[in-house]
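Please read the structure below before turning to the comments.
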Amino acid sequence: MQNVQLPKTSVGDVFYYQQLTISVFCIHNIKEKTARMYIYHEGQAKKTGNEICSLLLDYLKYVPRNNINEIHLYSDNCYGQNKNHTLVRMLLALTDSGQFSKIVHYFPIRGHSFLPCDRDFAIVKRKLKKHDRISTVHQLTELIVMSSKSNKSTVKEVKTEDIINFKEWWPKLYKKKVISEETSSNITPRKFKVHFNISTYSQFSYDTQRKGRVEASQFIDGAFQHTFKLQQSGKTAVALPSQQAYPLGKVPIKMTKMEHIRKCAAFVEDQYQEFYTSILSWPTTSN
């Protein structure tokens, strides 16, 4: 996920102000050589596990299945954003419910890998650098689409109601603190028991034949894996959530930042003032 600050303008004073943060989330289909980007501003959604799960699930519904039952995912090794307990449980639910037979999620070492999404973002950045003024989310959407010469990039402007509350859903079905099945017996000394410390693993495997369980490895294609049973006792039926993460329809923006956005809006062209009028009427928070 990358951030873009709006408005982009050549006026020097804007440099000293906090601007509206736009989040751009990219999913690159290696097989089809296509990219789909999701774009939204900070008043519509945040950057939590709810957003990652919701947008990934949206993509899996958007792309034609064509009898595909196994998927392999590669993500930035970013703990908290891509590598989090919420996403692990969502992927596990996809195999537990039989929507996919197998899912493998890889996290290459940061600084030692270059993912296709990195290339997609680089192409977009080159396009944005050629424009001195960008004022709205829709302008940004059009530029992202235009940046792809092969017309293989699509963009979805995310709405607040698109974000589902996965964070409050998964604790009802899955555990957080577990010990690997390989070290859970009483004969294993406490100091040798392996806990599900999600940040220490680089590969997670989910299989419909191992319902409720995830295999984790410290290294990609590592020789040793540990199996963790995450499923709560007595919970067999798995249904993905449908409750919205932000039922009020808007995410409050910090008051101090809103004042900065108000000052930035003074440098925006008249035809885009309606967008900033809407933003300036947004709910605010002091936190």
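The chains in the structure tokens are called A, B, ... from first to last as shown; in each chain the residues are counted from 1, and the ligands are counted from 1 in the order shown.
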
Q. Tell me, which residues of stretch 160-213 of chain A carry DSSP strand (DSSP E or B), written as a VMD selection string?
A. chain A and resid 164 174 179 195 203 to 207 213

Q.
Which residues are close to stretch 56-61 of chain A, i.e. within 9 Å by only C-alpha atoms, leaving aside same-chain residues fewer than 2 positions away? Reply as a ChimeraX atom specification.
A. /A:27,36,51-54,63-65,90,162

Q.
Using only C-alpha atoms for the distances, tell me which of A:Thr95, A:Thr154, A:Asn66, A:Ser202 is nearest to A:Phe25.
A. A:Thr154

Q.
With distances taken over only C-alpha atoms, which residue among A:Cys264, A:Ala93, A:Ala245, A:Leu143 lies nearest A:Arg213?
A.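 Selected residue with least distance to A:Arg213: A:Ala93.
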
DSSP-assigned helix (DSSP H, G or I) among stretch 85-234 of chain A, expressed as a short mmCIF file (atom, residue, chain, number, x, y, z; two decimals) with C-alpha atoms, in the first residue's frame:
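Okay, this is what ended up in states-v7.cif:
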```cif
data_model
loop_
_atom_site.label_atom_id
_atom_site.label_comp_id
_atom_site.auth_asym_id
_atom_site.auth_seq_id
_atom_site.Cartn_x
_atom_site.Cartn_y
_atom_site.Cartn_z
CA HIS A 85 -3.82 -12.02 12.78
CA THR A 86 -6.93 -10.79 10.97
CA LEU A 87 -5.65 -11.67 7.50
CA VAL A 88 -4.42 -15.09 8.67
CA ARG A 89 -7.90 -15.94 9.95
CA MET A 90 -9.62 -14.65 6.82
CA LEU A 91 -7.43 -16.81 4.56
CA LEU A 92 -7.96 -19.78 6.87
CA ALA A 93 -11.72 -19.23 6.63
CA LEU A 94 -11.52 -19.36 2.83
CA THR A 95 -10.09 -22.89 2.96
CA ASP A 96 -12.16 -23.96 5.97
CA PRO A 116 5.26 -6.82 -9.25
CA CYS A 117 3.24 -4.32 -7.22
CA ASP A 118 6.44 -2.34 -6.66
CA ARG A 119 6.80 -2.05 -10.43
CA ASP A 120 3.16 -0.99 -10.77
CA PHE A 121 3.62 1.73 -8.17
CA ALA A 122 6.81 2.92 -9.88
CA ILE A 123 4.92 3.33 -13.18
CA VAL A 124 2.19 5.31 -11.43
CA LYS A 125 4.72 7.56 -9.69
CA ARG A 126 6.38 8.40 -13.01
CA LYS A 127 2.98 9.41 -14.37
CA LEU A 128 2.15 11.56 -11.35
CA LYS A 129 5.48 13.39 -11.53
CA VAL A 137 -9.34 11.32 -5.83
CA HIS A 138 -11.09 10.95 -9.18
CA GLN A 139 -8.27 12.84 -10.95
CA LEU A 140 -5.82 10.47 -9.32
CA THR A 141 -7.88 7.49 -10.46
CA GLU A 142 -7.81 8.68 -14.08
CA LEU A 143 -4.04 9.19 -14.00
CA ILE A 144 -3.47 5.70 -12.58
CA VAL A 145 -5.55 4.18 -15.38
CA MET A 146 -3.69 6.27 -17.98
CA SER A 147 -0.30 5.20 -16.58
CA THR A 160 -16.67 3.21 3.34
CA GLU A 161 -19.38 0.55 3.15
CA ASP A 162 -16.97 -1.70 1.22
CA TRP A 170 -12.41 -13.74 13.85
CA PRO A 171 -12.02 -14.02 17.69
CA LYS A 172 -15.43 -15.74 17.78
CA ARG A 190 8.25 -25.12 28.27
CA LYS A 191 11.27 -23.33 26.82
CA PHE A 192 11.05 -25.45 23.66
CA ILE A 198 3.12 -14.26 13.59
CA SER A 199 5.93 -11.75 12.97
CA THR A 200 8.58 -14.51 12.98
CA THR A 208 -9.04 -27.52 3.23
CA GLN A 209 -7.76 -30.95 4.31
CA ARG A 210 -6.40 -29.35 7.50
#
```

Q | Closest of A:Leu20, A:Ile39, A:Ile220, A:Ile163 to A:Ile279 - atom-to-atom distances counting only C-alpha atoms | A | A:Leu20

Q. Do you know which residues are at most 7 Å from stretch 106-108 of chain A counting only C-alpha atoms, after dropping those on the same chain fewer than 6 positions away, and could you put them as a PyMOL selection string?
A. chain A and resi 73-77+202-204+220
